[in-house]
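**Student:** Can you read through this structure? Questions will come right after.
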Amino acid sequence: MQLTHKIALCPTPEQVDYFKRACGTARRVWNWALNEWNRQYAAGGRPNAMALKKQFNAIKYTDPQWLDENGRPWLQDIHRDAHAQPFAHLAKAWERFFTDLKAGKEAHAPRFKKKGRCRDSFYAANDKFRLVGKTIRLPRIGEVAMTEELRFKGKILGATVSRTADRWFVAIQVEVPDAQFYRRRTSHEVNGIDLGIKAAATISSGEVIEAPKPLKAALRRLEIRSRRLSRKLEAARKAAGFERHARLPEGTRLPVSNNRQKSAAILARLHARIANIRADFTHKLTTRLCRENQALVIEDLNVKGMLQNEKLARAISDVGFGMLRSQLEYKARRYGTRLTIADRWYPSSRLCSICGWKNEALTLRDRKWVCAQCGAHHDRDLNAALNLKRLATETALPVASPSSNGGAAAGTVPAVVGKVTPVRYDGGQQDTSGQEENRAHFCAHS
């Protein structure tokens, strides 16, 4: 089993300068490899990552585009892992693209990376760095201080140094034994969870969990700081001789002032703070749910479709439905919790959790409703959570399938059971962000 521990770094200015150059190297090599892949494919060839890597190694110290103004190969100043790993990443990206294409899913081909628009990171192999307490020794730059020690014991597989705003982190991948991977549950409840905007999660036990909504809280500051940066960008366009709304030619670089860099850093820190608050909330919530339940049921929400509603898109993004589901999936494996994903067409809000009558007239505005058959009063979210809970037991109500819903009369429940999908645990890498409590006990799980 694999776990990842992401640790903040405290680098010196010289080390930060190397980190930036290593990230730029990884980005440029990725773009070269992708461009060469596309060129060979368009010419009728069958490119592969290993062949591209050999091709690049043959020219990286001699080709003029990889030499500095003095004719010296600048790649010699950057450790080879930074410009070797992009080929492996590109191979995985294309493999994922063709796999999704064959499966009929929405597939996205790898794209070029632009400075300032992509995640800055570079890779270091497990035999190229060493950990000693709160220090990591990286190639070329030596020892870098970390804010904490590596918490996992096992075989170290590799590390990725990345940047978020103006802070640097190292994510260390570790292969751990089962006794360290699996965790003990504190209770063995069964619950359904209805995710929503008004309340981030409504649990079938009756508990309602509000989301912190960090974007809403920081929206005014975000607008002010975005305008400040925008004004500095307009000044740079004007200084370069471009009109306000003129399209910049490809490859044009605007002059960068110190004030513009400071303004961009301030804005990036605010975005990072918003993301950190949201991640902290989702990690604590998902850890608690998996630790206290032997079975959980959530809905397969069409988040991409929901974001098409311009009136609700910001509120939906502020909760982070996708993050909640992905964290539940990998933490459920660690705690031995059975996670079930209800079909997105399952009418959890419309079904009466008492008698099973289906309210076809229910709209998004209706937060409470009364069952016309048994007279039960329902809170919309709690009723949905109760119906989801029943999917984890043998008392699930029969509901109409998506193809027959349109012809079902109001108040009737055809005898077709809604589809339920238990989560499959594949043998891929499982990440953990370190938000779980340190004092939790590890134990083997059968």
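Ordered as shown in the structure tokens, chains take letters A, B, and onward, while each chain numbers its residues from 1 and ligands are numbered from 1 in the order shown.
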Please identify all polymer residues within 12 Å of Gly322 (chain A), counting only C-alpha atoms, omitting same-chain residues fewer than 6 positions from it, and present them as a PDB file with C-alpha atoms, in the first residue's frame.
**Tutor:**
ATOM      1  CA  LEU A 195     -24.582  16.602  -0.106  1.00  0.00           C
ATOM      2  CA  ARG A 278     -11.886  24.079   2.162  1.00  0.00           C
ATOM      3  CA  ALA A 279      -9.397  21.179   2.234  1.00  0.00           C
ATOM      4  CA  THR A 282     -13.351  18.196   3.827  1.00  0.00           C
ATOM      5  CA  ILE A 298     -23.654   9.029  -1.228  1.00  0.00           C
ATOM      6  CA  GLU A 299     -25.110  10.137  -4.545  1.00  0.00           C
ATOM      7  CA  ASP A 300     -23.284  10.165  -7.871  1.00  0.00           C
ATOM      8  CA  LEU A 301     -23.693  13.898  -8.425  1.00  0.00           C
ATOM      9  CA  ASN A 302     -23.317  15.369 -11.906  1.00  0.00           C
ATOM     10  CA  VAL A 303     -21.096  18.194 -10.669  1.00  0.00           C
ATOM     11  CA  LYS A 304     -20.096  19.329 -14.156  1.00  0.00           C
ATOM     12  CA  MET A 306     -24.599  21.429 -11.915  1.00  0.00           C
ATOM     13  CA  LEU A 307     -21.901  24.005 -12.601  1.00  0.00           C
ATOM     14  CA  ILE A 316     -21.371  24.562  -5.583  1.00  0.00           C
ATOM     15  CA  LEU A 328     -14.275   9.366   0.969  1.00  0.00           C
ATOM     16  CA  GLU A 329     -13.202   6.793  -1.626  1.00  0.00           C
TER      17      GLU A 329
END
**Student:** Env of Arg28 (chain A): 10 Å cut, atoms = only C-alpha atoms, seq-sep filter 3 positions within chain, self excluded. Answer as a list in words.
**Tutor:**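 That gives Ala22, Cys23, Gly24, Thr25, Asn31, Trp32, Ala33, Leu34, His83, Pro86, Phe112, Lys113, Lys114 and Lys115 of chain A.
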**Student:** Now that the selection is made, can you save its residues with all heavy atoms as a JSON list (two decimals), in the first residue's frame?
**Tutor:**
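Here's the written file selection24.json:
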[["chain", "number", "residue", "atom", "x", "y", "z"],
["A", 22, "ALA", "N", 14.31, 24.43, -11.74],
["A", 22, "ALA", "CA", 14.00, 23.01, -11.95],
["A", 22, "ALA", "C", 12.56, 22.84, -12.44],
["A", 22, "ALA", "O", 12.29, 22.02, -13.33],
["A", 22, "ALA", "CB", 14.21, 22.23, -10.65],
["A", 23, "CYS", "N", 11.64, 23.63, -11.88],
["A", 23, "CYS", "CA", 10.25, 23.57, -12.35],
["A", 23, "CYS", "C", 10.14, 24.04, -13.79],
["A", 23, "CYS", "O", 9.41, 23.45, -14.60],
["A", 23, "CYS", "CB", 9.36, 24.42, -11.45],
["A", 23, "CYS", "SG", 9.14, 23.79, -9.77],
["A", 24, "GLY", "N", 10.87, 25.10, -14.13],
["A", 24, "GLY", "CA", 10.87, 25.57, -15.50],
["A", 24, "GLY", "C", 11.45, 24.55, -16.46],
["A", 24, "GLY", "O", 10.99, 24.40, -17.58],
["A", 25, "THR", "N", 12.48, 23.84, -16.01],
["A", 25, "THR", "CA", 13.07, 22.78, -16.84],
["A", 25, "THR", "C", 12.05, 21.67, -17.11],
["A", 25, "THR", "O", 11.89, 21.22, -18.25],
["A", 25, "THR", "CB", 14.30, 22.21, -16.15],
["A", 25, "THR", "OG1", 15.28, 23.24, -15.99],
["A", 25, "THR", "CG2", 14.90, 21.06, -16.96],
["A", 31, "ASN", "N", 6.80, 20.30, -22.67],
["A", 31, "ASN", "CA", 6.31, 20.94, -23.89],
["A", 31, "ASN", "C", 7.07, 20.42, -25.12],
["A", 31, "ASN", "O", 6.47, 20.20, -26.19],
["A", 31, "ASN", "CB", 6.45, 22.45, -23.79],
["A", 31, "ASN", "CG", 5.47, 23.06, -22.80],
["A", 31, "ASN", "OD1", 4.44, 22.45, -22.48],
["A", 31, "ASN", "ND2", 5.77, 24.24, -22.29],
["A", 32, "TRP", "N", 8.38, 20.23, -24.99],
["A", 32, "TRP", "CA", 9.15, 19.68, -26.11],
["A", 32, "TRP", "C", 8.68, 18.28, -26.45],
["A", 32, "TRP", "O", 8.49, 17.94, -27.63],
["A", 32, "TRP", "CB", 10.64, 19.66, -25.75],
["A", 32, "TRP", "CG", 11.51, 19.12, -26.85],
["A", 32, "TRP", "CD1", 12.12, 19.83, -27.84],
["A", 32, "TRP", "CD2", 11.85, 17.74, -27.08],
["A", 32, "TRP", "NE1", 12.82, 18.98, -28.68],
["A", 32, "TRP", "CE2", 12.66, 17.70, -28.24],
["A", 32, "TRP", "CE3", 11.54, 16.55, -26.44],
["A", 32, "TRP", "CZ2", 13.18, 16.50, -28.74],
["A", 32, "TRP", "CZ3", 12.04, 15.37, -26.95],
["A", 32, "TRP", "CH2", 12.84, 15.34, -28.08],
["A", 33, "ALA", "N", 8.49, 17.45, -25.43],
["A", 33, "ALA", "CA", 8.08, 16.06, -25.66],
["A", 33, "ALA", "C", 6.69, 15.99, -26.27],
["A", 33, "ALA", "O", 6.44, 15.19, -27.19],
["A", 33, "ALA", "CB", 8.14, 15.28, -24.34],
["A", 34, "LEU", "N", 5.77, 16.83, -25.78],
["A", 34, "LEU", "CA", 4.41, 16.81, -26.32],
["A", 34, "LEU", "C", 4.39, 17.30, -27.76],
["A", 34, "LEU", "O", 3.69, 16.74, -28.61],
["A", 34, "LEU", "CB", 3.50, 17.68, -25.44],
["A", 34, "LEU", "CG", 2.04, 17.79, -25.88],
["A", 34, "LEU", "CD1", 1.40, 16.41, -25.99],
["A", 34, "LEU", "CD2", 1.25, 18.67, -24.91],
["A", 83, "HIS", "N", 14.36, 16.64, -15.67],
["A", 83, "HIS", "CA", 14.05, 16.60, -17.10],
["A", 83, "HIS", "C", 13.94, 15.18, -17.63],
["A", 83, "HIS", "O", 13.88, 14.99, -18.85],
["A", 83, "HIS", "CB", 15.08, 17.40, -17.91],
["A", 83, "HIS", "CG", 16.51, 17.10, -17.61],
["A", 83, "HIS", "ND1", 17.20, 16.04, -18.16],
["A", 83, "HIS", "CD2", 17.40, 17.72, -16.80],
["A", 83, "HIS", "CE1", 18.44, 16.03, -17.73],
["A", 83, "HIS", "NE2", 18.60, 17.04, -16.89],
["A", 86, "PRO", "N", 9.31, 14.05, -16.85],
["A", 86, "PRO", "CA", 8.20, 14.48, -17.73],
["A", 86, "PRO", "C", 7.84, 13.48, -18.81],
["A", 86, "PRO", "O", 6.67, 13.41, -19.22],
["A", 86, "PRO", "CB", 8.73, 15.79, -18.34],
["A", 86, "PRO", "CG", 9.64, 16.34, -17.29],
["A", 86, "PRO", "CD", 10.31, 15.12, -16.69],
["A", 112, "PHE", "N", -0.18, 21.68, -23.59],
["A", 112, "PHE", "CA", 1.07, 22.36, -23.29],
["A", 112, "PHE", "C", 0.93, 23.14, -21.99],
["A", 112, "PHE", "O", -0.16, 23.61, -21.65],
["A", 112, "PHE", "CB", 1.46, 23.29, -24.44],
["A", 112, "PHE", "CG", 1.81, 22.57, -25.71],
["A", 112, "PHE", "CD1", 0.91, 22.47, -26.76],
["A", 112, "PHE", "CD2", 3.06, 21.99, -25.86],
["A", 112, "PHE", "CE1", 1.23, 21.81, -27.93],
["A", 112, "PHE", "CE2", 3.40, 21.32, -27.02],
["A", 112, "PHE", "CZ", 2.49, 21.23, -28.05],
["A", 113, "LYS", "N", 2.05, 23.28, -21.29],
["A", 113, "LYS", "CA", 2.06, 23.98, -20.02],
["A", 113, "LYS", "C", 2.63, 25.38, -20.22],
["A", 113, "LYS", "O", 3.67, 25.56, -20.87],
["A", 113, "LYS", "CB", 2.90, 23.21, -18.99],
["A", 113, "LYS", "CG", 2.33, 21.84, -18.67],
["A", 113, "LYS", "CD", 3.17, 21.14, -17.63],
["A", 113, "LYS", "CE", 2.59, 19.77, -17.28],
["A", 113, "LYS", "NZ", 3.38, 19.07, -16.26],
["A", 114, "LYS", "N", 1.97, 26.36, -19.63],
["A", 114, "LYS", "CA", 2.41, 27.74, -19.73],
["A", 114, "LYS", "C", 2.83, 28.24, -18.37],
["A", 114, "LYS", "O", 2.18, 27.96, -17.36],
["A", 114, "LYS", "CB", 1.29, 28.61, -20.29],
["A", 114, "LYS", "CG", 1.71, 30.05, -20.54],
["A", 114, "LYS", "CD", 0.59, 30.84, -21.17],
["A", 114, "LYS", "CE", 1.04, 32.28, -21.44],
["A", 114, "LYS", "NZ", -0.02, 33.08, -22.07],
["A", 115, "LYS", "N", 3.91, 28.98, -18.35],
["A", 115, "LYS", "CA", 4.43, 29.53, -17.10],
["A", 115, "LYS", "C", 3.38, 30.42, -16.45],
["A", 115, "LYS", "O", 2.78, 31.28, -17.09],
["A", 115, "LYS", "CB", 5.70, 30.34, -17.38],
["A", 115, "LYS", "CG", 6.35, 30.89, -16.12],
["A", 115, "LYS", "CD", 7.62, 31.65, -16.46],
["A", 115, "LYS", "CE", 8.28, 32.20, -15.20],
["A", 115, "LYS", "NZ", 9.53, 32.93, -15.51]]
**Student:** According to DSSP computed on the backbone, where in region 90-328 of chain A is there strand (DSSP E)? Give the residues as an NGL selection string.
**Tutor:** :A and (121-125 or 130-132 or 135-138 or 142-146 or 155-164 or 167-175 or 189-195 or 201-203 or 208-209 or 293-299)
**Student:** Can I get the selected residues back with C-alpha atoms, as a PDB file, in the first residue's frame?
**Tutor:**
ATOM      1  CA  SER A 121       6.770  20.902  -9.680  1.00  0.00           C
ATOM      2  CA  PHE A 122       9.692  18.580 -10.322  1.00  0.00           C
ATOM      3  CA  TYR A 123      10.521  15.007  -9.322  1.00  0.00           C
ATOM      4  CA  ALA A 124      13.361  13.409  -7.368  1.00  0.00           C
ATOM      5  CA  ALA A 125      13.934   9.629  -7.377  1.00  0.00           C
ATOM      6  CA  ARG A 130      17.902  11.441   1.966  1.00  0.00           C
ATOM      7  CA  LEU A 131      15.777  12.241   5.024  1.00  0.00           C
ATOM      8  CA  VAL A 132      17.270  13.010   8.420  1.00  0.00           C
ATOM      9  CA  THR A 135      15.754  17.820   6.945  1.00  0.00           C
ATOM     10  CA  ILE A 136      15.729  16.522   3.393  1.00  0.00           C
ATOM     11  CA  ARG A 137      18.931  16.439   1.357  1.00  0.00           C
ATOM     12  CA  LEU A 138      18.142  17.073  -2.307  1.00  0.00           C
ATOM     13  CA  GLY A 142      21.957  20.032  -0.303  1.00  0.00           C
ATOM     14  CA  GLU A 143      19.915  20.132   2.888  1.00  0.00           C
ATOM     15  CA  VAL A 144      16.503  21.828   2.981  1.00  0.00           C
ATOM     16  CA  ALA A 145      14.608  22.363   6.237  1.00  0.00           C
ATOM     17  CA  MET A 146      11.160  20.781   6.605  1.00  0.00           C
ATOM     18  CA  LYS A 155      10.079   2.048   1.625  1.00  0.00           C
ATOM     19  CA  ILE A 156      10.397   5.531   0.123  1.00  0.00           C
ATOM     20  CA  LEU A 157       9.444   5.502  -3.564  1.00  0.00           C
ATOM     21  CA  GLY A 158      10.107   9.086  -4.607  1.00  0.00           C
ATOM     22  CA  ALA A 159       9.407  12.744  -3.911  1.00  0.00           C
ATOM     23  CA  THR A 160       7.843  15.662  -5.749  1.00  0.00           C
ATOM     24  CA  VAL A 161       8.727  19.260  -4.904  1.00  0.00           C
ATOM     25  CA  SER A 162       5.924  21.683  -5.764  1.00  0.00           C
ATOM     26  CA  ARG A 163       4.889  25.278  -5.223  1.00  0.00           C
ATOM     27  CA  THR A 164       1.592  26.673  -3.936  1.00  0.00           C
ATOM     28  CA  ARG A 167       5.295  28.316  -0.409  1.00  0.00           C
ATOM     29  CA  TRP A 168       7.205  25.167  -1.359  1.00  0.00           C
ATOM     30  CA  PHE A 169       6.255  21.607  -0.421  1.00  0.00           C
ATOM     31  CA  VAL A 170       7.696  18.141  -0.831  1.00  0.00           C
ATOM     32  CA  ALA A 171       5.324  15.186  -1.283  1.00  0.00           C
ATOM     33  CA  ILE A 172       7.071  11.936  -0.327  1.00  0.00           C
ATOM     34  CA  GLN A 173       5.576   8.660  -1.557  1.00  0.00           C
ATOM     35  CA  VAL A 174       6.031   5.728   0.841  1.00  0.00           C
ATOM     36  CA  GLU A 175       5.150   2.055   0.499  1.00  0.00           C
ATOM     37  CA  GLU A 189     -22.837   2.901  12.145  1.00  0.00           C
ATOM     38  CA  VAL A 190     -24.571   2.867   8.758  1.00  0.00           C
ATOM     39  CA  ASN A 191     -25.502   6.262   7.296  1.00  0.00           C
ATOM     40  CA  GLY A 192     -26.621   7.969   4.143  1.00  0.00           C
ATOM     41  CA  ILE A 193     -25.152  11.371   3.303  1.00  0.00           C
ATOM     42  CA  ASP A 194     -26.965  13.985   1.263  1.00  0.00           C
ATOM     43  CA  LEU A 195     -24.582  16.602  -0.106  1.00  0.00           C
ATOM     44  CA  ALA A 201     -23.707  17.302   4.355  1.00  0.00           C
ATOM     45  CA  THR A 202     -26.923  16.098   5.927  1.00  0.00           C
ATOM     46  CA  ILE A 203     -26.470  12.742   7.664  1.00  0.00           C
ATOM     47  CA  VAL A 208     -26.536  18.811   9.639  1.00  0.00           C
ATOM     48  CA  ILE A 209     -22.976  19.937   8.825  1.00  0.00           C
ATOM     49  CA  ASN A 293     -19.298   4.192   9.969  1.00  0.00           C
ATOM     50  CA  GLN A 294     -19.021   0.686   8.593  1.00  0.00           C
ATOM     51  CA  ALA A 295     -21.139   1.653   5.551  1.00  0.00           C
ATOM     52  CA  LEU A 296     -21.808   4.967   3.821  1.00  0.00           C
ATOM     53  CA  VAL A 297     -24.032   5.869   0.869  1.00  0.00           C
ATOM     54  CA  ILE A 298     -23.654   9.029  -1.228  1.00  0.00           C
ATOM     55  CA  GLU A 299     -25.110  10.137  -4.545  1.00  0.00           C
TER      56      GLU A 299
END
**Student:** From a backbone DSSP assignment, name each residue in region 235-350 of chain A labelled alpha helix (DSSP H), as a PyMOL selection string.
**Tutor:** chain A and resi 235-239+258-292+303-306+313-319+321-335
**Student:** Using only C-alpha atoms for the distances, tell me which of A:Ser326, A:Asn35, A:Gln261, A:Thr62 is nearest to Gln76 (chain A).
**Tutor:**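 Looking at the shortest contact to Gln76 (chain A), the residue is A:Thr62.
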**Student:** So which one's closest to Gln55 (chain A), A:Ala84, A:Ala246, A:Ile224, A:Ala392? Using only C-alpha atoms, please.
**Tutor:**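 Under the stated criterion, the closest residue is A:Ala84.
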**Student:** As a list in words, please: the residues near Ala236 (chain A) (cut-off 12 Å, only C-alpha atoms, same-chain neighbours under 5 positions excluded).
**Tutor:** Leu229, Ser230, Arg231, Gly241, Phe242, Glu243, Arg244, Leu248, Thr252, Arg253, Leu254, Pro255, Val256, Ser257, Asn258, Asn259, Arg260 and Gln261 of chain A
**Student:** Determine, counting only C-alpha atoms, which protein, DNA and RNA residues have an atom within 7 Å of an atom of His79 (chain A); residues of the same chain fewer than 3 positions away are not included. Present the result as a PyMOL selection string.
**Tutor:** chain A and resi 82+139-140
**Student:** Please indicate the distance in Å from CA of Arg380 (chain A) to CA of Leu312 (chain A), rounded to one decimal place.
**Tutor:**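 CA of Arg380 (chain A) sits 18.0 Å away from CA of Leu312 (chain A).
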**Student:** Tell me which protein, DNA and RNA residues are within 10 Å of Ala88 (chain A), counting only C-alpha atoms, leaving out same-chain ones fewer than 4 positions away, and put them as a tab-separated table (two decimals) with N, CA and C atoms, in the first residue's frame.
**Tutor:**
chain	number	residue	atom	x	y	z
A	30	TRP	N	8.52	18.94	-20.87
A	30	TRP	CA	7.18	18.43	-21.16
A	30	TRP	C	6.66	18.99	-22.48
A	48	ASN	N	6.46	6.92	-28.70
A	48	ASN	CA	6.37	6.41	-27.33
A	48	ASN	C	7.37	7.18	-26.47
A	49	ALA	N	7.12	7.16	-25.17
A	49	ALA	CA	7.87	8.01	-24.25
A	49	ALA	C	9.35	7.64	-24.20
A	50	MET	N	9.67	6.36	-24.21
A	50	MET	CA	11.07	5.95	-24.10
A	50	MET	C	11.88	6.39	-25.32
A	53	LYS	N	12.51	10.03	-25.06
A	53	LYS	CA	13.53	10.31	-24.06
A	53	LYS	C	14.93	10.10	-24.63
A	84	ALA	N	13.90	14.19	-16.75
A	84	ALA	CA	13.66	12.80	-17.19
A	84	ALA	C	12.24	12.36	-16.88
A	92	LYS	N	1.85	8.45	-19.19
A	92	LYS	CA	0.65	8.19	-18.39
A	92	LYS	C	-0.53	9.03	-18.86
A	93	ALA	N	-0.25	10.28	-19.23
A	93	ALA	CA	-1.33	11.16	-19.70
A	93	ALA	C	-1.97	10.63	-20.98
**Student:** Do you have the CA of His378 (chain A)-CA of Ser353 (chain A) distance handy?
**Tutor:**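 These two atoms are separated by 8.6 Å.
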**Student:** Report as a list in words all protein, DNA and RNA residues lying within 10 Å of Cys352 (chain A), evaluated on only C-alpha atoms, omitting residues in the same chain fewer than 5 positions from it.
**Tutor:**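 My list of contacting residues is Pro347, Trp357, Lys358, Asn359, Trp369, Val370, Cys371, Ala372, Gln373, Cys374, Gly375, Ala376, His377, His378, Arg380, Asn383, Ala384, Leu386, Asn387 and Leu397 of chain A.
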**Student:** Find the distance between CA of Thr340 (chain A) and CA of Ala103 (chain A) and write it in Å to one decimal.
**Tutor:** 21.7 Å
**Student:** So, counting only C-alpha atoms, which residue among A:Arg288, A:Arg314, A:Lys20, A:Lys54 is closest to Arg184 (chain A)?
**Tutor:** A:Arg288
